[in-house]
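J.: So here's upload01.cif (mmCIF, C-alpha atoms and all ligand atoms).
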data_final
#
loop_
_atom_site.label_atom_id
_atom_site.label_comp_id
_atom_site.auth_asym_id
_atom_site.auth_seq_id
_atom_site.Cartn_x
_atom_site.Cartn_y
_atom_site.Cartn_z
CA MET A 19 -13.37 -21.68 -4.40
CA SER A 20 -12.02 -19.49 -1.60
CA ASN A 21 -14.26 -17.45 0.69
CA ILE A 22 -11.89 -14.51 0.38
CA THR A 23 -11.12 -12.55 -2.78
CA LEU A 24 -8.95 -9.49 -3.13
CA TYR A 25 -9.51 -7.17 -6.09
CA LEU A 26 -6.19 -5.65 -7.02
CA SER A 27 -4.22 -3.95 -9.71
CA PRO A 28 -0.49 -4.74 -9.73
CA GLY A 29 1.64 -2.16 -7.94
CA SER A 30 -1.38 -0.46 -6.41
CA CYS A 31 -2.02 0.02 -2.70
CA ALA A 32 -3.97 -3.25 -2.81
CA ARG A 33 -0.55 -4.75 -2.12
CA VAL A 34 -0.96 -3.59 1.49
CA SER A 35 -4.07 -5.76 1.87
CA ALA A 36 -2.35 -8.61 0.01
CA ILE A 37 0.56 -8.50 2.46
CA VAL A 38 -1.70 -8.62 5.52
CA LEU A 39 -3.75 -11.49 4.09
CA GLU A 40 -0.50 -13.34 3.44
CA GLU A 41 0.78 -12.53 6.93
CA LEU A 42 -2.38 -14.10 8.33
CA GLU A 43 -1.78 -17.11 6.08
CA LEU A 44 -5.34 -16.93 4.82
CA GLU A 45 -6.30 -18.67 1.64
CA PHE A 46 -7.49 -16.09 -0.86
CA GLU A 47 -8.01 -15.50 -4.55
CA THR A 48 -7.01 -12.41 -6.42
CA GLN A 49 -9.04 -10.71 -9.10
CA VAL A 50 -7.08 -8.43 -11.43
CA VAL A 51 -8.73 -5.10 -12.22
CA ARG A 52 -7.85 -3.70 -15.65
CA PHE A 53 -7.24 0.01 -14.98
CA MET A 54 -6.10 0.64 -18.56
CA GLN A 55 -9.51 -0.50 -19.78
CA GLY A 56 -11.26 1.60 -17.16
CA GLU A 57 -12.75 -1.55 -15.67
CA HIS A 58 -12.79 0.06 -12.21
CA LYS A 59 -15.12 2.80 -13.46
CA THR A 60 -17.66 0.47 -15.07
CA PRO A 61 -21.15 0.06 -13.57
CA THR A 62 -20.38 -3.63 -12.93
CA TYR A 63 -17.28 -2.87 -10.88
CA LYS A 64 -19.00 0.03 -9.12
CA MET A 65 -21.58 -2.42 -7.85
CA ILE A 66 -18.69 -3.92 -5.89
CA ASN A 67 -16.97 -0.64 -5.05
CA PRO A 68 -18.94 2.54 -5.89
CA LYS A 69 -15.72 4.54 -5.39
CA GLY A 70 -14.14 2.78 -8.37
CA LYS A 71 -10.91 1.91 -6.58
CA VAL A 72 -8.86 -1.03 -5.42
CA PRO A 73 -8.47 -2.76 -3.06
CA VAL A 74 -11.77 -4.49 -2.44
CA LEU A 75 -11.90 -7.41 -0.07
CA ILE A 76 -14.74 -9.85 -0.61
CA TYR A 77 -15.09 -11.72 2.65
CA HIS A 78 -17.66 -14.48 2.65
CA GLY A 79 -19.66 -12.61 0.04
CA GLN A 80 -19.44 -9.15 1.64
CA ALA A 81 -17.42 -6.36 0.07
CA LEU A 82 -15.14 -4.15 2.14
CA THR A 83 -13.09 -1.25 0.77
CA GLU A 84 -10.24 0.93 2.10
CA ASN A 85 -7.00 -0.54 3.38
CA VAL A 86 -7.52 0.92 6.84
CA ALA A 87 -10.92 -0.76 7.14
CA ILE A 88 -9.66 -4.04 5.69
CA ILE A 89 -6.75 -4.12 8.14
CA THR A 90 -8.82 -3.28 11.22
CA PHE A 91 -11.52 -5.77 10.18
CA LEU A 92 -9.04 -8.60 9.67
CA ASN A 93 -7.28 -7.67 12.88
CA GLN A 94 -10.55 -7.90 14.81
CA LEU A 95 -11.08 -11.36 13.39
CA TYR A 96 -7.59 -12.80 13.49
CA GLY A 97 -5.34 -10.47 15.51
CA LYS A 98 -1.62 -10.32 14.63
CA LEU A 99 -1.90 -7.17 12.50
CA LEU A 100 -1.80 -4.55 15.26
CA PRO A 101 -0.51 -4.70 18.82
CA PRO A 102 -3.27 -6.19 21.02
CA THR A 103 -5.05 -3.62 23.17
CA ASN A 104 -8.35 -3.07 24.94
CA ASN A 105 -7.52 0.54 25.60
CA PRO A 106 -9.65 2.87 23.39
CA LEU A 107 -6.94 5.52 23.25
CA ASP A 108 -4.23 3.04 22.28
CA PHE A 109 -6.47 1.60 19.59
CA SER A 110 -7.25 5.09 18.29
CA LYS A 111 -3.53 5.83 18.14
CA GLN A 112 -3.07 2.75 15.96
CA LEU A 113 -5.90 4.01 13.79
CA ALA A 114 -4.14 7.37 13.58
CA ASP A 115 -1.00 5.61 12.34
CA LEU A 116 -2.99 3.74 9.69
CA CYS A 117 -4.67 6.99 8.65
CA PHE A 118 -1.26 8.66 8.46
CA CYS A 119 -0.36 6.05 5.83
CA SER A 120 -3.60 6.27 3.89
CA SER A 121 -4.40 9.98 4.16
CA THR A 122 -1.04 11.69 4.44
CA LEU A 123 1.51 9.44 2.75
CA HIS A 124 -0.60 7.83 0.04
CA PRO A 125 -1.73 11.09 -1.65
CA LEU A 126 1.92 12.17 -1.82
CA VAL A 127 2.92 8.77 -3.20
CA THR A 128 0.40 9.26 -6.00
CA ARG A 129 1.66 12.77 -6.75
CA ILE A 130 5.21 11.45 -6.91
CA ARG A 131 4.31 8.45 -9.02
CA MET A 132 1.72 9.96 -11.35
CA PRO A 133 2.03 13.79 -11.19
CA SER A 134 0.64 14.30 -14.67
CA PHE A 135 -2.60 12.64 -13.56
CA PHE A 136 -3.22 15.70 -11.37
CA ALA A 137 -1.44 18.45 -13.22
CA GLY A 138 -1.12 17.47 -16.89
CA GLU A 139 2.18 16.78 -18.65
CA ASP A 140 3.34 20.43 -18.61
CA ASN A 141 3.14 20.79 -14.83
CA ALA A 142 4.05 17.24 -13.84
CA LYS A 143 7.59 18.03 -12.75
CA THR A 144 6.47 20.96 -10.57
CA VAL A 145 3.90 18.77 -8.83
CA GLN A 146 6.43 15.98 -8.34
CA ASP A 147 9.02 18.44 -6.97
CA LEU A 148 6.47 19.77 -4.47
CA ALA A 149 5.48 16.24 -3.45
CA PHE A 150 9.16 15.28 -3.02
CA LYS A 151 9.56 18.27 -0.71
CA ALA A 152 6.43 17.49 1.29
CA MET A 153 7.34 13.82 1.58
CA ASP A 154 10.76 14.61 3.06
CA GLU A 155 9.22 15.73 6.37
CA PHE A 156 7.35 12.44 6.72
CA PHE A 157 10.18 10.20 5.55
CA GLN A 158 12.40 11.94 8.13
CA LEU A 159 9.83 11.19 10.82
CA ILE A 160 9.61 7.53 9.77
CA ASP A 161 13.39 7.25 9.51
CA LYS A 162 13.81 8.69 13.00
CA THR A 163 11.20 6.32 14.44
CA LEU A 164 12.98 3.36 12.84
CA SER A 165 16.43 4.51 13.94
CA ASP A 166 16.48 2.38 17.06
CA GLN A 167 13.77 -0.19 16.38
CA LYS A 168 13.08 -2.86 13.81
CA TRP A 169 9.43 -2.09 13.16
CA TRP A 170 7.06 0.86 13.58
CA TYR A 171 5.95 -0.61 16.90
CA SER A 172 9.39 -1.55 18.19
CA ASP A 173 9.97 -5.33 18.06
CA ASN A 174 6.45 -6.10 16.88
CA TRP A 175 5.77 -6.25 13.17
CA SER A 176 2.40 -4.73 12.33
CA ALA A 177 0.26 -3.79 9.33
CA ILE A 178 1.71 -0.27 9.61
CA ASP A 179 5.00 -1.75 8.42
CA ALA A 180 3.25 -3.21 5.38
CA TYR A 181 1.71 0.18 4.56
CA LEU A 182 4.98 2.07 5.04
CA HIS A 183 6.75 -0.48 2.89
CA TRP A 184 4.33 -0.04 0.00
CA CYS A 185 4.80 3.76 0.17
CA PHE A 186 8.61 3.34 0.23
CA TRP A 187 8.64 0.96 -2.70
CA ARG A 188 6.28 3.08 -4.79
CA VAL A 189 8.24 6.31 -4.44
CA GLN A 190 11.59 4.54 -4.84
CA ASP A 191 10.31 3.20 -8.14
CA ALA A 192 9.42 6.76 -9.17
CA GLY A 193 12.90 8.16 -8.51
CA TYR A 194 12.41 9.53 -5.01
CA PRO A 195 15.82 9.60 -3.23
CA VAL A 196 15.06 6.94 -0.61
CA GLU A 197 18.78 6.45 0.05
CA LYS A 198 18.64 9.62 2.19
CA TYR A 199 16.71 7.61 4.78
CA GLN A 200 19.02 4.80 5.85
CA HIS A 201 16.81 3.36 8.60
CA PHE A 202 13.81 3.28 6.30
CA CYS A 203 16.01 1.53 3.70
CA ASP A 204 16.98 -1.05 6.33
CA HIS A 205 13.29 -1.50 7.15
CA ALA A 206 12.59 -2.11 3.45
CA GLU A 207 15.28 -4.80 3.43
CA ARG A 208 13.72 -6.49 6.45
CA MET A 209 10.27 -6.32 4.86
CA ALA A 210 11.57 -7.82 1.62
CA GLN A 211 12.84 -10.85 3.59
CA ARG A 212 9.41 -11.69 4.97
CA PRO A 213 7.85 -14.73 3.27
CA ALA A 214 4.42 -13.04 3.30
CA VAL A 215 5.79 -10.02 1.47
CA LYS A 216 7.48 -12.27 -1.08
CA ARG A 217 4.19 -14.07 -1.68
CA ALA A 218 2.26 -10.79 -2.04
CA ILE A 219 4.83 -9.53 -4.56
CA ALA A 220 4.58 -12.82 -6.45
CA ARG A 221 0.82 -12.28 -6.74
CA ASP A 222 1.41 -8.75 -8.03
CA ASN A 223 3.95 -10.05 -10.55
CA ALA A 224 1.54 -12.71 -11.75
CA ALA A 225 -1.11 -10.00 -12.22
CA SER A 226 1.42 -7.86 -14.15
CA LEU A 227 2.14 -10.76 -16.47
CA ILE A 228 -1.54 -11.19 -17.22
CA LEU A 229 -1.93 -7.50 -18.02
CA GLU A 230 1.28 -7.43 -20.06
CA SER A 231 0.09 -10.34 -22.17
CA GLU A 232 -3.07 -8.36 -22.88
CA GLY A 233 -1.18 -5.13 -23.62
CA LEU A 234 -2.84 -3.55 -20.58
CA LEU A 235 0.07 -3.02 -18.18
CA PHE A 236 0.22 0.61 -17.03
CA LYS A 237 3.75 2.06 -16.96
CA PRO A 238 3.87 5.78 -16.13
CA GLN A 239 6.55 7.75 -17.94
CA PRO A 240 9.34 8.70 -15.53
CA ILE A 241 9.88 12.44 -15.06
CA VAL A 242 13.22 13.54 -16.51
CA ARG A 243 15.32 15.25 -13.81
N1 LIG B 1 -7.88 5.13 0.60
C1 LIG B 1 -7.98 4.05 -0.36
C2 LIG B 1 -7.21 4.42 -1.59
C3 LIG B 1 -7.56 3.55 -2.75
C4 LIG B 1 -6.87 4.03 -4.01
O1 LIG B 1 -6.64 5.24 -4.22
N2 LIG B 1 -6.55 3.07 -4.88
C5 LIG B 1 -5.95 3.42 -6.14
C6 LIG B 1 -4.77 2.48 -6.42
S1 LIG B 1 -3.42 2.76 -5.34
C7 LIG B 1 -6.95 3.26 -7.26
O2 LIG B 1 -7.78 2.39 -7.23
N3 LIG B 1 -6.85 4.11 -8.26
C8 LIG B 1 -7.65 4.06 -9.43
C9 LIG B 1 -8.26 5.37 -9.77
O3 LIG B 1 -8.37 6.22 -8.88
O4 LIG B 1 -8.63 5.56 -10.90
C10 LIG B 1 -7.47 2.75 0.27
O5 LIG B 1 -6.60 2.78 1.12
O6 LIG B 1 -7.97 1.68 -0.07
#
Show me this structure written as structure tokens.

T.:
Amino acid sequence: MSNITLYLSPGSCARVSAIVLEELELEFETQVVRFMQGEHKTPTYKMINPKGKVPVLIYHGQALTENVAIITFLNQLYGKLLPPTNNPLDFSKQLADLCFCSSTLHPLVTRIRMPSFFAGEDNAKTVQDLAFKAMDEFFQLIDKTLSDQKWWYSDNWSAIDAYLHWCFWRVQDAGYPVEKYQHFCDHAERMAQRPAVKRAIARDNAASLILESEGLLFKPQPIVR
């Protein structure tokens, strides 16, 4: 039995934590959370994560939630996930970039992917249209940053790239016009080539197969445009 377990639901932002664990080449188990059954809102699951969300990292028996916290924790232990620095301001800037992913991009990803969750079926398209519009500003910023560098931090791959990649993939899947952002598309291609990313996706796919076999795979209805 491994000392590290990641609670995930396929396609969810837990993929960000799966990618970084794979990048670190850590041995870990995955535990599939059945959203369609409301497993994440049960008292048993809430003993692990009272917020009723994935991801949860169980590290040597201790639970840690939030991608930003998981990434910074693992980086403190193993390095490699963020550019090394002892400078408090530089570290805080890295934290700001992680928070940009989790607090600015992620909520828009969710509104693009599952607008009816927030607004009901009748208003879903309006919410998605607004989220498309809001996302454009940030995708332009990311695209510009990546215009003359391979990764968010120049030549150095970091966990920010994993987070950006998940956001890209999620909105692409929901019909967002990612082709408008050529440098971000190139970044996605580079990410897809990384063995760690391939392994994380394989874990997600395995989890999807389990849920599909149980009739519990969540597939949001695409918005007709
Ligand atoms: N800020 C959190 C976000 C966690 C989150 O929203 N997870 C979603 C999946 S992407 C979830 O568990 N949703 C289930 C629900 O809210 O019912 C993080 O980065 O870990």

J.: Which residues of stretch 64-117 of chain A sit at most 12 Å from stretch 160-171 of chain A, using only C-alpha atoms? Give each one's shortest atom pair and distance in Å (one decimal place), in chain and ascending residue order, as a tab-separated table.

T.:
residue	atom	partner	partner_atom	distance
A:Leu99	CA	A:Tyr171	CA	11.1
A:Leu100	CA	A:Tyr171	CA	8.8
A:Pro101	CA	A:Tyr171	CA	7.9
A:Pro102	CA	A:Tyr171	CA	11.5
A:Lys111	CA	A:Tyr171	CA	11.5
A:Gln112	CA	A:Tyr171	CA	9.7
A:Asp115	CA	A:Trp170	CA	9.4
A:Leu116	CA	A:Trp170	CA	11.2

J.: Let's have the selection written as a tab-separated table (two decimals), in the coordinates of the input, with C-alpha atoms.

T.:
chain	number	residue	atom	x	y	z
A	99	LEU	CA	-1.90	-7.17	12.50
A	100	LEU	CA	-1.80	-4.55	15.26
A	101	PRO	CA	-0.51	-4.70	18.82
A	102	PRO	CA	-3.27	-6.19	21.02
A	111	LYS	CA	-3.53	5.83	18.14
A	112	GLN	CA	-3.07	2.75	15.96
A	115	ASP	CA	-1.00	5.61	12.34
A	116	LEU	CA	-2.99	3.74	9.69

J.: Can you tell me which residues come within 6 Å of ligand LIG 1 (chain B) when counting only C-alpha atoms and all ligand atoms, ideally as a PDB file with C-alpha atoms, in the coordinates of the input?

T.:
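Final output, out20.pdb:
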ATOM      1  CA  SER A  30      -1.380  -0.460  -6.410  1.00  0.00           C
ATOM      2  CA  CYS A  31      -2.020   0.020  -2.700  1.00  0.00           C
ATOM      3  CA  LYS A  71     -10.910   1.910  -6.580  1.00  0.00           C
ATOM      4  CA  VAL A  72      -8.860  -1.030  -5.420  1.00  0.00           C
ATOM      5  CA  PRO A  73      -8.470  -2.760  -3.060  1.00  0.00           C
ATOM      6  CA  THR A  83     -13.090  -1.250   0.770  1.00  0.00           C
ATOM      7  CA  GLU A  84     -10.240   0.930   2.100  1.00  0.00           C
ATOM      8  CA  ASN A  85      -7.000  -0.540   3.380  1.00  0.00           C
ATOM      9  CA  SER A 120      -3.600   6.270   3.890  1.00  0.00           C
TER      10      SER A 120
END

J.: Write out as an mmCIF file with C-alpha atoms, in the frame of the given file the residues lying within 10 Å of A:Thr128, counting all atoms listed in the file and excluding same-chain residues fewer than 4 positions away.

T.:
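out-v4.cif was written with the following content:
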data_model
loop_
_atom_site.group_PDB
_atom_site.id
_atom_site.type_symbol
_atom_site.label_atom_id
_atom_site.label_comp_id
_atom_site.auth_asym_id
_atom_site.auth_seq_id
_atom_site.Cartn_x
_atom_site.Cartn_y
_atom_site.Cartn_z
ATOM 1 C CA SER A 30 -1.380 -0.460 -6.410
ATOM 2 C CA LEU A 123 1.510 9.440 2.750
ATOM 3 C CA HIS A 124 -0.600 7.830 0.040
ATOM 4 C CA MET A 132 1.720 9.960 -11.350
ATOM 5 C CA PRO A 133 2.030 13.790 -11.190
ATOM 6 C CA PHE A 135 -2.600 12.640 -13.560
ATOM 7 C CA PHE A 136 -3.220 15.700 -11.370
ATOM 8 C CA GLN A 146 6.430 15.980 -8.340
ATOM 9 C CA ALA A 149 5.480 16.240 -3.450
ATOM 10 C CA CYS A 185 4.800 3.760 0.170
ATOM 11 C CA ARG A 188 6.280 3.080 -4.790
ATOM 12 C CA VAL A 189 8.240 6.310 -4.440
ATOM 13 C CA ALA A 192 9.420 6.760 -9.170
#

J.: Report the distance between atom CA of A:Ser176 and atom CA of A:Asn93 in Å, rounded to one decimal place.

T.: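 Computed distance, atom CA of A:Ser176 to atom CA of A:Asn93, equals 10.1 Å.
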
J.: Would you pick out the contacts of A:Glu45 at 10 Å or less, using all atoms listed in the file, so that residues sharing its chain but fewer than 5 positions from it are not included, and give the list as a list in words?

T.: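 The residues that qualify are Met19, Ser20, Asn21, Ile22, Thr23, Leu39 and Glu40 of chain A.
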
J.: Quick one: of A:Arg131, A:Arg217, A:Lys237, A:Arg208, who's nearest to A:Gln190, counting only C-alpha atoms?

T.: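 Selected residue with least distance to A:Gln190: A:Arg131.
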
J.: As JSON, please: the centre and edge lengths in Å, to one decimal, of an axis-aligned box enclosing every listed atom of stretch 157-176 of chain A with 3 Å added on each side.

T.:
{"center_x": 9.4, "center_y": 2.8, "center_z": 11.9, "size_x": 20.1, "size_y": 24.2, "size_z": 18.6}

J.: Could you tell me how far atom CA of A:Lys59 sits from atom CA of A:Ala225, in Å to one decimal place?

T.: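 Result for atom CA of A:Ala225 versus atom CA of A:Lys59: 19.0 Å, one decimal.
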
J.: For stretch 144-172 of chain A, where the input has fewer atoms than it should, I would like N, CA and C atoms rebuilt and written as an mmCIF file, in the coordinates of the input.

T.:
data_model
loop_
_atom_site.group_PDB
_atom_site.id
_atom_site.type_symbol
_atom_site.label_atom_id
_atom_site.label_comp_id
_atom_site.auth_asym_id
_atom_site.auth_seq_id
_atom_site.Cartn_x
_atom_site.Cartn_y
_atom_site.Cartn_z
ATOM 1 N N THR A 144 6.703 20.037 -11.704
ATOM 2 C CA THR A 144 6.470 20.960 -10.570
ATOM 3 C C THR A 144 5.722 20.234 -9.461
ATOM 4 N N VAL A 145 4.682 19.499 -9.841
ATOM 5 C CA VAL A 145 3.900 18.770 -8.830
ATOM 6 C C VAL A 145 4.772 17.710 -8.145
ATOM 7 N N GLN A 146 5.575 17.009 -8.956
ATOM 8 C CA GLN A 146 6.430 15.980 -8.340
ATOM 9 C C GLN A 146 7.460 16.617 -7.410
ATOM 10 N N ASP A 147 8.041 17.744 -7.838
ATOM 11 C CA ASP A 147 9.020 18.440 -6.970
ATOM 12 C C ASP A 147 8.379 18.820 -5.637
ATOM 13 N N LEU A 148 7.160 19.361 -5.702
ATOM 14 C CA LEU A 148 6.470 19.770 -4.470
ATOM 15 C C LEU A 148 6.172 18.570 -3.582
ATOM 16 N N ALA A 149 5.783 17.455 -4.230
ATOM 17 C CA ALA A 149 5.480 16.240 -3.450
ATOM 18 C C ALA A 149 6.758 15.661 -2.843
ATOM 19 N N PHE A 150 7.861 15.733 -3.576
ATOM 20 C CA PHE A 150 9.160 15.280 -3.020
ATOM 21 C C PHE A 150 9.440 16.065 -1.734
ATOM 22 N N LYS A 151 9.257 17.383 -1.837
ATOM 23 C CA LYS A 151 9.560 18.270 -0.710
ATOM 24 C C LYS A 151 8.657 17.940 0.487
ATOM 25 N N ALA A 152 7.378 17.779 0.200
ATOM 26 C CA ALA A 152 6.430 17.490 1.290
ATOM 27 C C ALA A 152 6.712 16.129 1.901
ATOM 28 N N MET A 153 7.101 15.172 1.075
ATOM 29 C CA MET A 153 7.340 13.820 1.580
ATOM 30 C C MET A 153 8.552 13.760 2.508
ATOM 31 N N ASP A 154 9.520 14.645 2.266
ATOM 32 C CA ASP A 154 10.760 14.610 3.060
ATOM 33 C C ASP A 154 10.465 14.686 4.566
ATOM 34 N N GLU A 155 9.557 15.582 4.937
ATOM 35 C CA GLU A 155 9.220 15.730 6.370
ATOM 36 C C GLU A 155 8.752 14.394 6.959
ATOM 37 N N PHE A 156 7.932 13.678 6.193
ATOM 38 C CA PHE A 156 7.350 12.440 6.720
ATOM 39 C C PHE A 156 8.353 11.284 6.666
ATOM 40 N N PHE A 157 9.166 11.254 5.614
ATOM 41 C CA PHE A 157 10.180 10.200 5.550
ATOM 42 C C PHE A 157 11.214 10.411 6.671
ATOM 43 N N GLN A 158 11.486 11.682 6.998
ATOM 44 C CA GLN A 158 12.400 11.940 8.130
ATOM 45 C C GLN A 158 11.809 11.412 9.432
ATOM 46 N N LEU A 159 10.521 11.657 9.606
ATOM 47 C CA LEU A 159 9.830 11.190 10.820
ATOM 48 C C LEU A 159 9.881 9.655 10.909
ATOM 49 N N ILE A 160 9.601 9.001 9.788
ATOM 50 C CA ILE A 160 9.610 7.530 9.770
ATOM 51 C C ILE A 160 11.034 7.027 10.023
ATOM 52 N N ASP A 161 11.991 7.656 9.368
ATOM 53 C CA ASP A 161 13.390 7.250 9.510
ATOM 54 C C ASP A 161 13.845 7.379 10.963
ATOM 55 N N LYS A 162 13.436 8.467 11.594
ATOM 56 C CA LYS A 162 13.810 8.690 13.000
ATOM 57 C C LYS A 162 13.173 7.615 13.889
ATOM 58 N N THR A 163 11.901 7.339 13.633
ATOM 59 C CA THR A 163 11.200 6.320 14.440
ATOM 60 C C THR A 163 11.887 4.965 14.296
ATOM 61 N N LEU A 164 12.368 4.671 13.088
ATOM 62 C CA LEU A 164 12.980 3.360 12.840
ATOM 63 C C LEU A 164 14.466 3.324 13.193
ATOM 64 N N SER A 165 14.982 4.447 13.714
ATOM 65 C CA SER A 165 16.430 4.510 13.940
ATOM 66 C C SER A 165 16.894 3.557 15.026
ATOM 67 N N ASP A 166 16.035 3.285 15.995
ATOM 68 C CA ASP A 166 16.480 2.380 17.060
ATOM 69 C C ASP A 166 15.464 1.249 17.282
ATOM 70 N N GLN A 167 14.696 0.950 16.257
ATOM 71 C CA GLN A 167 13.770 -0.190 16.380
ATOM 72 C C GLN A 167 13.538 -0.810 15.010
ATOM 73 N N LYS A 168 13.221 -2.107 15.055
ATOM 74 C CA LYS A 168 13.080 -2.860 13.810
ATOM 75 C C LYS A 168 11.824 -2.479 13.032
ATOM 76 N N TRP A 169 10.736 -2.323 13.780
ATOM 77 C CA TRP A 169 9.430 -2.090 13.160
ATOM 78 C C TRP A 169 8.817 -0.818 13.735
ATOM 79 N N TRP A 170 7.725 -0.376 13.121
ATOM 80 C CA TRP A 170 7.060 0.860 13.580
ATOM 81 C C TRP A 170 6.714 0.775 15.057
ATOM 82 N N TYR A 171 6.234 -0.409 15.476
ATOM 83 C CA TYR A 171 5.950 -0.610 16.900
ATOM 84 C C TYR A 171 7.058 -1.475 17.513
ATOM 85 N N SER A 172 8.249 -0.918 17.516
ATOM 86 C CA SER A 172 9.390 -1.550 18.190
ATOM 87 C C SER A 172 9.703 -2.937 17.649
#
